[in-house]
Amino acid sequence: VWERPFRIEGEPGELAVELSARADGAVAFVISSCTPGGVACDHARGVVFSGAAGETPADIRIHPDVPNQPVLPGAPDWADCRRAFEAAGIRHGEAMRAVTALCVGEHGVVARLSLPDTVRRGCEMFVLHPALMDSALQAAMALTLDGAGGAAPGEASMPFALDRLDVFAALPPNLSCRVWRSDDVGNGKLERLDIELFDDDGKVLARLSGLTSR
């Protein structure tokens with residue numbers, strides 16, 4: 001759960017990560033900062049489970065029709081999404097602009113991601129590169145626009161909760177993602193999304209299930 005954003009205004013900020021072992025073998029984490037008055041402020045928390053030998057990227061593949069799905073008539077494109085972000089007051093820096101193409105079809109949103117040159121150096125140190133993950137979230141904007149069956153956003157929303165994140169392999173600099181509305185509607189009050197990131201062979205490398213924004 002993301003409880004509140006971490007704001008940086010001019011000066012560098014510092015975050016603390018607290019880990020604690022649970023009886024079931026999982027590890028709970030809390031990410032926090034400290035206010036100028038010395039009060040701890042929690043920003044995010046969750047639980048990490050170590051994966052057992054089971055599914056691998058070779059076992060999980062996207063539907064073969066997904067990469068080349070036909071575009072729905074009147075569906076928004078990436079330029080429409082960029083304009084919607086700007087209207088909501090969100091301007092991504094060059095390092096976070098990994099979306100190079102996007103289409104909306106019957107399988108949801110499919111976007112092509114490519115790490116910008118400014119952050120390619122040292123990208124092999126990351127399993128899930130922040131620019132690729134953030135850009136996959138950006139692609140979800142297409143589902144909120146009128147042409148995708150949603151309503152044009154009046155204001156920006158932020159990720160609030162994620163049911164599950166499965167990581168099967170490190171993300172390469174160039175890959176694709178698919179975003180669609182989750183079949184599991186949860187409490188029915190907030191829309192939930194699922195996201196898969198996959199390579200050029202269709203192997204699923206990471207999956208986000210039950211992403212909720214508010």
# chains A, B, ... in the order shown; residues from 1 in each chain; ligands from 1
call {"tool": "residues_around", "arguments": {"residues": "A:Pro159", "least_positions_apart": "3", "cutoff": "9 Å", "atoms": "only C-alpha atoms", "output": "list in words"}}
result
Val1, Trp2, Leu137, Leu162, Leu211, Thr212, Ser213 and Arg214 of chain A
call {"tool": "select_by_dssp", "arguments": {"residues": "stretch 24-161 of chain A", "states": "helix (DSSP H, G or I)", "output": "PyMOL selection string"}}
result
chain A and resi 78-87+94-96+117-119+123-125+130-144+146-148
call {"tool": "write_last_selection", "arguments": {"atoms": "C-alpha atoms", "output": "mmCIF file, in the first residue's frame"}}
result
data_model
loop_
_atom_site.group_PDB
_atom_site.id
_atom_site.type_symbol
_atom_site.label_atom_id
_atom_site.label_comp_id
_atom_site.auth_asym_id
_atom_site.auth_seq_id
_atom_site.Cartn_x
_atom_site.Cartn_y
_atom_site.Cartn_z
ATOM 1 C CA TRP A 78 -0.238 8.108 -26.837
ATOM 2 C CA ALA A 79 -0.465 11.744 -27.934
ATOM 3 C CA ASP A 80 -3.948 11.902 -26.382
ATOM 4 C CA CYS A 81 -2.554 10.463 -23.148
ATOM 5 C CA ARG A 82 0.255 13.015 -23.044
ATOM 6 C CA ARG A 83 -2.243 15.842 -23.418
ATOM 7 C CA ALA A 84 -4.370 14.356 -20.628
ATOM 8 C CA PHE A 85 -1.344 14.209 -18.312
ATOM 9 C CA GLU A 86 -0.510 17.841 -19.034
ATOM 10 C CA ALA A 87 -4.122 18.865 -18.419
ATOM 11 C CA GLU A 94 12.905 12.810 -20.033
ATOM 12 C CA ALA A 95 14.044 9.852 -17.909
ATOM 13 C CA MET A 96 10.437 8.726 -17.367
ATOM 14 C CA ASP A 117 19.148 7.044 -23.574
ATOM 15 C CA THR A 118 19.601 9.207 -20.467
ATOM 16 C CA VAL A 119 18.999 6.234 -18.144
ATOM 17 C CA CYS A 123 20.208 -0.293 -16.330
ATOM 18 C CA GLU A 124 21.407 -3.870 -15.863
ATOM 19 C CA MET A 125 21.614 -3.175 -12.108
ATOM 20 C CA PRO A 130 11.802 2.541 -12.351
ATOM 21 C CA ALA A 131 11.414 4.241 -15.747
ATOM 22 C CA LEU A 132 9.885 1.119 -17.309
ATOM 23 C CA MET A 133 7.559 0.476 -14.377
ATOM 24 C CA ASP A 134 6.425 4.092 -14.232
ATOM 25 C CA SER A 135 5.830 4.147 -17.989
ATOM 26 C CA ALA A 136 3.710 0.994 -17.751
ATOM 27 C CA LEU A 137 1.569 2.862 -15.229
ATOM 28 C CA GLN A 138 1.421 5.848 -17.576
ATOM 29 C CA ALA A 139 -0.032 3.618 -20.286
ATOM 30 C CA ALA A 140 -3.055 3.032 -18.062
ATOM 31 C CA MET A 141 -4.111 6.619 -18.791
ATOM 32 C CA ALA A 142 -5.527 5.383 -22.104
ATOM 33 C CA LEU A 143 -8.196 3.429 -20.219
ATOM 34 C CA THR A 144 -9.468 6.564 -18.492
ATOM 35 C CA ASP A 146 -13.531 8.669 -23.329
ATOM 36 C CA GLY A 147 -12.493 6.727 -26.414
ATOM 37 C CA ALA A 148 -11.474 3.756 -24.238
#
call {"tool": "closest_atom_pairs", "arguments": {"of": "stretch 28-124 of chain A", "to": "stretch 187-205 of chain A", "cutoff": "10 Å", "atoms": "only C-alpha atoms", "output": "tab-separated table"}}
result
residue	atom	partner	partner_atom	distance
A:Thr56	CA	A:Leu205	CA	8.5
A:Pro57	CA	A:Lys203	CA	5.3
A:Ala58	CA	A:Lys203	CA	6.2
A:Asp59	CA	A:Lys203	CA	7.9
A:Ile60	CA	A:Val204	CA	5.7
A:Arg61	CA	A:Lys203	CA	4.6
A:Ile62	CA	A:Gly202	CA	5.6
A:His63	CA	A:Gly202	CA	8.0
A:Pro64	CA	A:Gly202	CA	7.5
A:Val66	CA	A:Gly202	CA	9.1
A:Pro67	CA	A:Gly202	CA	8.3
A:Gly108	CA	A:Ile195	CA	9.9
A:Val109	CA	A:Ile195	CA	9.3
A:Val110	CA	A:Glu196	CA	9.6
A:Ala111	CA	A:Leu197	CA	9.5
A:Arg112	CA	A:Leu197	CA	9.8
A:Leu113	CA	A:Leu197	CA	9.4
call {"tool": "closest_residue", "arguments": {"among": "A:Asp42, A:Arg4, A:Leu102, A:Asp77", "to": "A:Val17", "atoms": "only C-alpha atoms"}}
result
A:Asp42
call {"tool": "atom_distance", "arguments": {"atom1": "atom CA of A:Glu11", "atom2": "atom CA of A:Gly37"}}
result
16.5 Å
